[in-house]
Amino acid sequence: MRHIEALQNEDIEIQLLIEAIFLKYGYDFRGYSRAHMKRRIMRRLTISGIDSISEMQRLVIYDREFFEKLLGDFSINVTEMFRDPSFYKAFRKEVVPVLQTYPFIKVWHAGCSTGEEVYSMAILLKEEGLYERSQIYATDFNEEVLQKAKEGIYPIEAIKEYTYNYQHAGGKAAFADYYVAKYDSAILEPSLKKKVIFADHNLVTDGVFGEMNVVICRNVLIYFDKELQNKVVGLFHESLCNGGFLCLGSKESLRFNKYVDNFDPVIENEKVYRKKFGC
Amino acid sequence: MKYEAIVIGASTGGMNALKVVLSALPKKFSVPVLVVQHLSPRSDSYLVEYLSKACKVMVKEADEKEKALPGYVYIAPPNYHLLVEKDRCLALSTEERVNYARPSVDVLFESAADAYGRSLIGIILTGANYDGSKGLRRIKQCGGLAIVQDPCSAEADAMPKAAIQAVNVDYVITLDKIAPLLNKLTEEIGE
Ligand SMILES: C[S@@+](CC[C@H](N)C(=O)[O-])C[C@H]1O[C@@H](n2cnc3c(N)ncnc32)[C@H](O)[C@@H]1O
């Protein structure tokens, strides 16, 4: 039997490792889901053949390269173009008509990963005639994925699935209009980048992005504990203008959030909320 | 021994097997049941509806951050891993597939073993792969109880066989015997 004590020791070691990372590098994972962090740490432990988490702590402090690896482990970057097509369909139907009444539209993709979601939104706004008066900010705290996002080049194997998603997302043209295939890559149409600014931003430690009409933060909050979710939704609330839209991932919600009463659910199934006026 | 939660892993043939087990639990079943059934990533809420109709206990898709409560069965959503936190709240993750699966049985079992320790029951049902063996071993290491569906009674026997090989399991029993055993094990609470 694995002793309770061994488990408790492991938890202490994990907490110390996370603390060491914060002290040394300023990356704050203290408010991330512990079950998730433990999985990622144990996975790196197995891959690298290190004996214990305490040994890993020493490595993290003295070996920047090892830390970078661990940082990669901690950020789950899985994403797709038009992921959850029903979200984009609902966005067209319910959010676009409101955006059409604005002279200028500011959109923030927080935790944009390698950019697929950002370009999906650019395509949607284009097809709805809103792109030219939009400014999209796309941020992530992982520089490696941001670099890929800026390039806008994706493996050709993914195109089949993206085309399927696009069609089910209410796409109005042919998906092939938006990329050129070259060898084993799909290079996105350059105009899709024109209105996008990519930037390094850490949701835990960095500040507000002002006067947003739409904040899209999908599949990021699930990795945070309740307290950190409260803090980050507070940041979004502050960043949104009155009546601004907050779009979460399809398995995320404000149900357990401190700010739940500061938003109206607009599309319940798709987790689209609207900031109430005046608060 | 006081059990506080049950985790179940199933793959091929699981729809029917889960129905047999879960429909035989009473409405006020005294512990939460967490389930990973391998599904296609694009499947809808069919499994939840199917089991809801057949069961007296409440069956729902697991929401992230909700607390696992008695009388409820929580099903991992397609394309997400299901985990349990130390405070017994549920967590979801889109990290890479484990054993080619998302949700993966190992991911649920390992995190649940950490959260519930010796008060956890782990069950492996029918399936045509090896997912869950590692997790079941972890449950045993933490002092929990391991139950495996008798491979001879399983639609696909690879998953139960793998579990039996990897773990010193407490019970290998046919499908129809599982719910009565669970009722008995959880009734002992308070005695
Ligand atoms: C699973 S991806 C989601 C990508 C995209 N939004 C989607 O839904 O397809 C999660 C992203 O959140 C980023 N992330 C995690 N913690 C963050 C933080 N504290 N600040 C900014 N980005 C963060 C990760 O780097 C990763 O790219």
# chains A, B, ... in the order shown; residues from 1 in each chain; ligands from 1

$ residues_near_ligand --ligand "ligand 1" --cutoff "9 Å" --atoms "only C-alpha atoms and all ligand atoms" --output "number ranges by chain"
A: 27-29, 32, 71-72, 74-84, 109-118, 139-146, 200-206, 216-224, 248-249; B: 93-95

$ residues_around --residues "range 76-87 of chain B" --least-positions-apart "6" --cutoff "7 Å" --atoms "only C-alpha atoms" --output "PyMOL selection string"
(chain A and resi 34-35) or (chain B and resi 35-36+39-43+61-62+93-94+102-104+107-108+111-112+115)

$ write_last_selection --atoms "N, CA, C and O atoms" --output "PDB file, in the first residue's frame"
ATOM      1  N   ARG A  34      -4.574  22.000  -9.255  1.00  0.00           N
ATOM      2  CA  ARG A  34      -3.499  21.169  -8.737  1.00  0.00           C
ATOM      3  C   ARG A  34      -3.470  19.788  -9.395  1.00  0.00           C
ATOM      4  O   ARG A  34      -2.418  19.224  -9.665  1.00  0.00           O
ATOM      5  N   ALA A  35      -4.653  19.233  -9.643  1.00  0.00           N
ATOM      6  CA  ALA A  35      -4.707  17.909 -10.266  1.00  0.00           C
ATOM      7  C   ALA A  35      -4.021  17.958 -11.635  1.00  0.00           C
ATOM      8  O   ALA A  35      -3.260  17.064 -12.013  1.00  0.00           O
TER       9      ALA A  35
ATOM     10  N   VAL B  35     -17.506   8.581 -14.228  1.00  0.00           N
ATOM     11  CA  VAL B  35     -17.399   7.613 -15.305  1.00  0.00           C
ATOM     12  C   VAL B  35     -16.612   8.164 -16.488  1.00  0.00           C
ATOM     13  O   VAL B  35     -16.847   9.287 -16.939  1.00  0.00           O
ATOM     14  N   VAL B  36     -15.662   7.365 -16.974  1.00  0.00           N
ATOM     15  CA  VAL B  36     -15.067   7.625 -18.285  1.00  0.00           C
ATOM     16  C   VAL B  36     -15.487   6.506 -19.221  1.00  0.00           C
ATOM     17  O   VAL B  36     -15.230   5.334 -18.957  1.00  0.00           O
ATOM     18  N   LEU B  39     -15.430   7.633 -26.177  1.00  0.00           N
ATOM     19  CA  LEU B  39     -16.428   8.045 -27.162  1.00  0.00           C
ATOM     20  C   LEU B  39     -15.720   8.732 -28.310  1.00  0.00           C
ATOM     21  O   LEU B  39     -14.588   9.179 -28.158  1.00  0.00           O
ATOM     22  N   SER B  40     -16.403   8.876 -29.424  1.00  0.00           N
ATOM     23  CA  SER B  40     -15.801   9.666 -30.499  1.00  0.00           C
ATOM     24  C   SER B  40     -15.832  11.131 -30.071  1.00  0.00           C
ATOM     25  O   SER B  40     -16.755  11.566 -29.388  1.00  0.00           O
ATOM     26  N   PRO B  41     -14.778  11.900 -30.447  1.00  0.00           N
ATOM     27  CA  PRO B  41     -14.670  13.285 -29.978  1.00  0.00           C
ATOM     28  C   PRO B  41     -15.872  14.139 -30.362  1.00  0.00           C
ATOM     29  O   PRO B  41     -16.164  15.123 -29.713  1.00  0.00           O
ATOM     30  N   ARG B  42     -16.550  13.765 -31.420  1.00  0.00           N
ATOM     31  CA  ARG B  42     -17.657  14.617 -31.873  1.00  0.00           C
ATOM     32  C   ARG B  42     -19.021  14.117 -31.405  1.00  0.00           C
ATOM     33  O   ARG B  42     -20.046  14.616 -31.839  1.00  0.00           O
ATOM     34  N   SER B  43     -19.042  13.132 -30.511  1.00  0.00           N
ATOM     35  CA  SER B  43     -20.353  12.627 -30.124  1.00  0.00           C
ATOM     36  C   SER B  43     -21.080  13.653 -29.254  1.00  0.00           C
ATOM     37  O   SER B  43     -20.467  14.465 -28.575  1.00  0.00           O
ATOM     38  N   GLU B  61     -23.550  15.178 -17.392  1.00  0.00           N
ATOM     39  CA  GLU B  61     -22.199  15.403 -17.876  1.00  0.00           C
ATOM     40  C   GLU B  61     -21.439  16.179 -16.801  1.00  0.00           C
ATOM     41  O   GLU B  61     -21.996  17.073 -16.175  1.00  0.00           O
ATOM     42  N   ALA B  62     -20.176  15.827 -16.596  1.00  0.00           N
ATOM     43  CA  ALA B  62     -19.365  16.496 -15.578  1.00  0.00           C
ATOM     44  C   ALA B  62     -19.093  17.935 -15.988  1.00  0.00           C
ATOM     45  O   ALA B  62     -18.682  18.194 -17.116  1.00  0.00           O
ATOM     46  N   SER B  93      -9.806  18.769 -18.748  1.00  0.00           N
ATOM     47  CA  SER B  93      -8.566  19.159 -19.407  1.00  0.00           C
ATOM     48  C   SER B  93      -8.581  18.686 -20.854  1.00  0.00           C
ATOM     49  O   SER B  93      -9.150  17.648 -21.172  1.00  0.00           O
ATOM     50  N   THR B  94      -7.942  19.480 -21.719  1.00  0.00           N
ATOM     51  CA  THR B  94      -7.827  19.073 -23.120  1.00  0.00           C
ATOM     52  C   THR B  94      -6.400  18.653 -23.438  1.00  0.00           C
ATOM     53  O   THR B  94      -5.987  18.684 -24.591  1.00  0.00           O
ATOM     54  N   ARG B 102      -9.135  10.350 -25.070  1.00  0.00           N
ATOM     55  CA  ARG B 102      -9.522  11.546 -24.325  1.00  0.00           C
ATOM     56  C   ARG B 102     -11.036  11.585 -24.331  1.00  0.00           C
ATOM     57  O   ARG B 102     -11.602  11.802 -25.391  1.00  0.00           O
ATOM     58  N   PRO B 103     -11.699  11.355 -23.249  1.00  0.00           N
ATOM     59  CA  PRO B 103     -11.179  11.147 -21.897  1.00  0.00           C
ATOM     60  C   PRO B 103     -10.443   9.817 -21.737  1.00  0.00           C
ATOM     61  O   PRO B 103     -10.764   8.857 -22.417  1.00  0.00           O
ATOM     62  N   SER B 104      -9.489   9.795 -20.815  1.00  0.00           N
ATOM     63  CA  SER B 104      -8.776   8.562 -20.529  1.00  0.00           C
ATOM     64  C   SER B 104      -9.114   8.084 -19.117  1.00  0.00           C
ATOM     65  O   SER B 104      -9.247   8.883 -18.187  1.00  0.00           O
ATOM     66  N   VAL B 107      -6.344   8.835 -16.478  1.00  0.00           N
ATOM     67  CA  VAL B 107      -6.311  10.210 -15.972  1.00  0.00           C
ATOM     68  C   VAL B 107      -7.318  10.384 -14.840  1.00  0.00           C
ATOM     69  O   VAL B 107      -7.005  10.951 -13.785  1.00  0.00           O
ATOM     70  N   LEU B 108      -8.525   9.874 -15.037  1.00  0.00           N
ATOM     71  CA  LEU B 108      -9.537   9.973 -13.975  1.00  0.00           C
ATOM     72  C   LEU B 108      -9.104   9.189 -12.739  1.00  0.00           C
ATOM     73  O   LEU B 108      -9.124   9.702 -11.614  1.00  0.00           O
ATOM     74  N   SER B 111      -6.050  10.708 -10.689  1.00  0.00           N
ATOM     75  CA  SER B 111      -6.369  11.915  -9.908  1.00  0.00           C
ATOM     76  C   SER B 111      -7.352  11.582  -8.788  1.00  0.00           C
ATOM     77  O   SER B 111      -7.255  12.125  -7.683  1.00  0.00           O
ATOM     78  N   ALA B 112      -8.286  10.671  -9.053  1.00  0.00           N
ATOM     79  CA  ALA B 112      -9.255  10.293  -8.010  1.00  0.00           C
ATOM     80  C   ALA B 112      -8.551   9.571  -6.863  1.00  0.00           C
ATOM     81  O   ALA B 112      -8.902   9.749  -5.695  1.00  0.00           O
ATOM     82  N   ALA B 115      -7.176  12.123  -4.695  1.00  0.00           N
ATOM     83  CA  ALA B 115      -8.188  12.898  -3.973  1.00  0.00           C
ATOM     84  C   ALA B 115      -8.861  12.071  -2.875  1.00  0.00           C
ATOM     85  O   ALA B 115      -9.125  12.568  -1.796  1.00  0.00           O
TER      86      ALA B 115
END

$ residues_around --residues "range 125-134 of chain B" --least-positions-apart "5" --cutoff "7 Å" --atoms "only C-alpha atoms" --output "PDB file with all heavy atoms, in the first residue's frame"
ATOM      1  N   GLY B   9     -14.340   2.883 -15.480  1.00  0.00           N
ATOM      2  CA  GLY B   9     -13.806   3.074 -16.817  1.00  0.00           C
ATOM      3  C   GLY B   9     -14.356   2.016 -17.759  1.00  0.00           C
ATOM      4  O   GLY B   9     -14.404   0.838 -17.401  1.00  0.00           O
ATOM      5  N   ALA B  10     -14.792   2.447 -18.957  1.00  0.00           N
ATOM      6  CA  ALA B  10     -15.336   1.499 -19.933  1.00  0.00           C
ATOM      7  C   ALA B  10     -15.014   1.978 -21.337  1.00  0.00           C
ATOM      8  O   ALA B  10     -14.835   3.168 -21.579  1.00  0.00           O
ATOM      9  CB  ALA B  10     -16.849   1.375 -19.762  1.00  0.00           C
ATOM     10  N   SER B  11     -14.953   1.018 -22.254  1.00  0.00           N
ATOM     11  CA  SER B  11     -14.713   1.378 -23.650  1.00  0.00           C
ATOM     12  C   SER B  11     -15.698   0.589 -24.517  1.00  0.00           C
ATOM     13  O   SER B  11     -16.891   0.615 -24.241  1.00  0.00           O
ATOM     14  CB  SER B  11     -13.253   1.098 -24.002  1.00  0.00           C
ATOM     15  OG  SER B  11     -12.955   1.600 -25.273  1.00  0.00           O
ATOM     16  N   THR B  12     -15.181  -0.161 -25.492  1.00  0.00           N
ATOM     17  CA  THR B  12     -16.068  -0.929 -26.366  1.00  0.00           C
ATOM     18  C   THR B  12     -17.080  -1.744 -25.554  1.00  0.00           C
ATOM     19  O   THR B  12     -16.691  -2.468 -24.643  1.00  0.00           O
ATOM     20  CB  THR B  12     -15.242  -1.913 -27.226  1.00  0.00           C
ATOM     21  OG1 THR B  12     -14.116  -1.211 -27.718  1.00  0.00           O
ATOM     22  CG2 THR B  12     -16.065  -2.482 -28.361  1.00  0.00           C
ATOM     23  N   GLY B  13     -18.348  -1.612 -25.884  1.00  0.00           N
ATOM     24  CA  GLY B  13     -19.378  -2.363 -25.158  1.00  0.00           C
ATOM     25  C   GLY B  13     -19.824  -1.682 -23.879  1.00  0.00           C
ATOM     26  O   GLY B  13     -20.673  -2.200 -23.156  1.00  0.00           O
ATOM     27  N   GLY B  14     -19.272  -0.521 -23.605  1.00  0.00           N
ATOM     28  CA  GLY B  14     -19.517   0.148 -22.329  1.00  0.00           C
ATOM     29  C   GLY B  14     -20.924   0.691 -22.148  1.00  0.00           C
ATOM     30  O   GLY B  14     -21.425   0.723 -21.025  1.00  0.00           O
ATOM     31  N   ASN B  99      -3.154   6.939 -23.649  1.00  0.00           N
ATOM     32  CA  ASN B  99      -3.575   5.639 -24.197  1.00  0.00           C
ATOM     33  C   ASN B  99      -4.503   5.838 -25.405  1.00  0.00           C
ATOM     34  O   ASN B  99      -5.509   5.165 -25.541  1.00  0.00           O
ATOM     35  CB  ASN B  99      -4.303   4.787 -23.157  1.00  0.00           C
ATOM     36  CG  ASN B  99      -3.530   4.655 -21.867  1.00  0.00           C
ATOM     37  OD1 ASN B  99      -2.322   4.437 -21.892  1.00  0.00           O
ATOM     38  ND2 ASN B  99      -4.200   4.809 -20.746  1.00  0.00           N
ATOM     39  N   SER B 104      -9.489   9.795 -20.815  1.00  0.00           N
ATOM     40  CA  SER B 104      -8.776   8.562 -20.529  1.00  0.00           C
ATOM     41  C   SER B 104      -9.114   8.084 -19.117  1.00  0.00           C
ATOM     42  O   SER B 104      -9.247   8.883 -18.187  1.00  0.00           O
ATOM     43  CB  SER B 104      -7.266   8.794 -20.669  1.00  0.00           C
ATOM     44  OG  SER B 104      -6.567   8.114 -19.652  1.00  0.00           O
ATOM     45  N   VAL B 105      -9.256   6.773 -18.988  1.00  0.00           N
ATOM     46  CA  VAL B 105      -9.584   6.179 -17.692  1.00  0.00           C
ATOM     47  C   VAL B 105      -8.440   6.398 -16.704  1.00  0.00           C
ATOM     48  O   VAL B 105      -8.649   6.744 -15.539  1.00  0.00           O
ATOM     49  CB  VAL B 105      -9.876   4.665 -17.852  1.00  0.00           C
ATOM     50  CG1 VAL B 105     -10.268   4.048 -16.513  1.00  0.00           C
ATOM     51  CG2 VAL B 105     -10.971   4.430 -18.889  1.00  0.00           C
ATOM     52  N   ASP B 106      -7.193   6.240 -17.181  1.00  0.00           N
ATOM     53  CA  ASP B 106      -6.040   6.434 -16.301  1.00  0.00           C
ATOM     54  C   ASP B 106      -6.035   7.831 -15.673  1.00  0.00           C
ATOM     55  O   ASP B 106      -5.739   7.990 -14.491  1.00  0.00           O
ATOM     56  CB  ASP B 106      -4.723   6.233 -17.076  1.00  0.00           C
ATOM     57  CG  ASP B 106      -4.336   4.754 -17.161  1.00  0.00           C
ATOM     58  OD1 ASP B 106      -4.860   3.952 -16.351  1.00  0.00           O
ATOM     59  OD2 ASP B 106      -3.512   4.402 -18.026  1.00  0.00           O
ATOM     60  N   VAL B 148     -12.964  -5.644 -11.185  1.00  0.00           N
ATOM     61  CA  VAL B 148     -12.877  -5.770 -12.641  1.00  0.00           C
ATOM     62  C   VAL B 148     -13.989  -6.694 -13.125  1.00  0.00           C
ATOM     63  O   VAL B 148     -14.264  -7.728 -12.498  1.00  0.00           O
ATOM     64  CB  VAL B 148     -11.495  -6.318 -13.064  1.00  0.00           C
ATOM     65  CG1 VAL B 148     -11.443  -6.540 -14.572  1.00  0.00           C
ATOM     66  CG2 VAL B 148     -10.381  -5.362 -12.643  1.00  0.00           C
ATOM     67  N   GLN B 149     -14.614  -6.297 -14.211  1.00  0.00           N
ATOM     68  CA  GLN B 149     -15.634  -7.159 -14.809  1.00  0.00           C
ATOM     69  C   GLN B 149     -14.973  -8.442 -15.300  1.00  0.00           C
ATOM     70  O   GLN B 149     -13.940  -8.395 -15.970  1.00  0.00           O
ATOM     71  CB  GLN B 149     -16.304  -6.434 -15.978  1.00  0.00           C
ATOM     72  CG  GLN B 149     -17.328  -7.288 -16.700  1.00  0.00           C
ATOM     73  CD  GLN B 149     -17.966  -6.560 -17.884  1.00  0.00           C
ATOM     74  OE1 GLN B 149     -17.607  -5.429 -18.210  1.00  0.00           O
ATOM     75  NE2 GLN B 149     -18.909  -7.230 -18.527  1.00  0.00           N
ATOM     76  N   ALA B 154     -17.457 -10.061 -20.625  1.00  0.00           N
ATOM     77  CA  ALA B 154     -17.317  -8.734 -21.233  1.00  0.00           C
ATOM     78  C   ALA B 154     -17.443  -8.810 -22.750  1.00  0.00           C
ATOM     79  O   ALA B 154     -16.971  -9.755 -23.366  1.00  0.00           O
ATOM     80  CB  ALA B 154     -15.972  -8.126 -20.862  1.00  0.00           C
ATOM     81  N   GLU B 155     -18.074  -7.795 -23.320  1.00  0.00           N
ATOM     82  CA  GLU B 155     -18.189  -7.723 -24.774  1.00  0.00           C
ATOM     83  C   GLU B 155     -16.807  -7.670 -25.411  1.00  0.00           C
ATOM     84  O   GLU B 155     -16.559  -8.282 -26.424  1.00  0.00           O
ATOM     85  CB  GLU B 155     -18.976  -6.463 -25.148  1.00  0.00           C
ATOM     86  CG  GLU B 155     -20.229  -6.750 -25.952  1.00  0.00           C
ATOM     87  CD  GLU B 155     -21.051  -5.506 -26.162  1.00  0.00           C
ATOM     88  OE1 GLU B 155     -20.783  -4.808 -27.152  1.00  0.00           O
ATOM     89  OE2 GLU B 155     -21.948  -5.224 -25.329  1.00  0.00           O
ATOM     90  N   ALA B 156     -15.893  -6.902 -24.798  1.00  0.00           N
ATOM     91  CA  ALA B 156     -14.497  -6.876 -25.237  1.00  0.00           C
ATOM     92  C   ALA B 156     -13.647  -7.143 -24.000  1.00  0.00           C
ATOM     93  O   ALA B 156     -13.794  -6.472 -22.983  1.00  0.00           O
ATOM     94  CB  ALA B 156     -14.158  -5.517 -25.834  1.00  0.00           C
ATOM     95  N   ASP B 157     -12.757  -8.128 -24.075  1.00  0.00           N
ATOM     96  CA  ASP B 157     -12.110  -8.571 -22.838  1.00  0.00           C
ATOM     97  C   ASP B 157     -10.712  -7.999 -22.601  1.00  0.00           C
ATOM     98  O   ASP B 157     -10.122  -8.217 -21.550  1.00  0.00           O
ATOM     99  CB  ASP B 157     -12.082 -10.109 -22.768  1.00  0.00           C
ATOM    100  CG  ASP B 157     -11.253 -10.717 -23.901  1.00  0.00           C
ATOM    101  OD1 ASP B 157     -10.622  -9.944 -24.660  1.00  0.00           O
ATOM    102  OD2 ASP B 157     -11.246 -11.953 -24.030  1.00  0.00           O
ATOM    103  N   ALA B 158     -10.183  -7.216 -23.562  1.00  0.00           N
ATOM    104  CA  ALA B 158      -8.793  -6.760 -23.428  1.00  0.00           C
ATOM    105  C   ALA B 158      -8.589  -5.857 -22.213  1.00  0.00           C
ATOM    106  O   ALA B 158      -7.616  -6.019 -21.466  1.00  0.00           O
ATOM    107  CB  ALA B 158      -8.354  -6.044 -24.704  1.00  0.00           C
ATOM    108  N   MET B 159      -9.497  -4.943 -22.012  1.00  0.00           N
ATOM    109  CA  MET B 159      -9.315  -3.962 -20.931  1.00  0.00           C
ATOM    110  C   MET B 159      -9.409  -4.628 -19.554  1.00  0.00           C
ATOM    111  O   MET B 159      -8.525  -4.406 -18.711  1.00  0.00           O
ATOM    112  CB  MET B 159     -10.328  -2.825 -21.081  1.00  0.00           C
ATOM    113  CG  MET B 159      -9.856  -1.499 -20.549  1.00  0.00           C
ATOM    114  SD  MET B 159     -10.744  -0.100 -21.249  1.00  0.00           S
ATOM    115  CE  MET B 159     -11.890   0.257 -19.933  1.00  0.00           C
ATOM    116  N   PRO B 160     -10.439  -5.458 -19.316  1.00  0.00           N
ATOM    117  CA  PRO B 160     -10.460  -6.176 -18.036  1.00  0.00           C
ATOM    118  C   PRO B 160      -9.260  -7.102 -17.865  1.00  0.00           C
ATOM    119  O   PRO B 160      -8.669  -7.157 -16.781  1.00  0.00           O
ATOM    120  CB  PRO B 160     -11.761  -6.988 -18.083  1.00  0.00           C
ATOM    121  CG  PRO B 160     -12.543  -6.513 -19.232  1.00  0.00           C
ATOM    122  CD  PRO B 160     -11.680  -5.665 -20.094  1.00  0.00           C
ATOM    123  N   ALA B 162      -6.252  -6.822 -19.122  1.00  0.00           N
ATOM    124  CA  ALA B 162      -5.052  -6.026 -18.841  1.00  0.00           C
ATOM    125  C   ALA B 162      -5.043  -5.566 -17.395  1.00  0.00           C
ATOM    126  O   ALA B 162      -4.002  -5.572 -16.729  1.00  0.00           O
ATOM    127  CB  ALA B 162      -4.988  -4.826 -19.784  1.00  0.00           C
ATOM    128  N   ALA B 163      -6.207  -5.172 -16.909  1.00  0.00           N
ATOM    129  CA  ALA B 163      -6.292  -4.688 -15.527  1.00  0.00           C
ATOM    130  C   ALA B 163      -5.964  -5.815 -14.537  1.00  0.00           C
ATOM    131  O   ALA B 163      -5.232  -5.609 -13.571  1.00  0.00           O
ATOM    132  CB  ALA B 163      -7.684  -4.119 -15.253  1.00  0.00           C
ATOM    133  N   ALA B 166      -2.302  -6.372 -14.475  1.00  0.00           N
ATOM    134  CA  ALA B 166      -1.462  -5.306 -13.915  1.00  0.00           C
ATOM    135  C   ALA B 166      -1.663  -5.113 -12.421  1.00  0.00           C
ATOM    136  O   ALA B 166      -0.797  -4.569 -11.740  1.00  0.00           O
ATOM    137  CB  ALA B 166      -1.760  -3.993 -14.650  1.00  0.00           C
TER     138      ALA B 166
END

$ atom_distance --atom1 "CA of Asp44 in chain B" --atom2 "CA of Cys89 in chain B"
23.5 Å

$ select_by_dssp --residues "range 37-187 of chain A" --states "strand (DSSP E)" --output "ChimeraX atom specification"
/A:105-110,134-140,153-155,179-182,185-187

$ select_by_dssp --residues "range 23-189 of chain B" --states "helix (DSSP H, G or I)" --output "ChimeraX atom specification"
/B:46-54,105-119,133-141,151-153,158-166,175-187

$ residues_around --residues "Asn183 in chain B" --least-positions-apart "3" --cutoff "9 Å" --atoms "only C-alpha atoms" --output "ChimeraX atom specification"
/B:24-26,29-30,178-180,186-188

$ residues_around --residues "Glu49 in chain B" --least-positions-apart "3" --cutoff "10 Å" --atoms "only C-alpha atoms" --output "PyMOL selection string"
chain B and resi 44-46+52-54+59-61
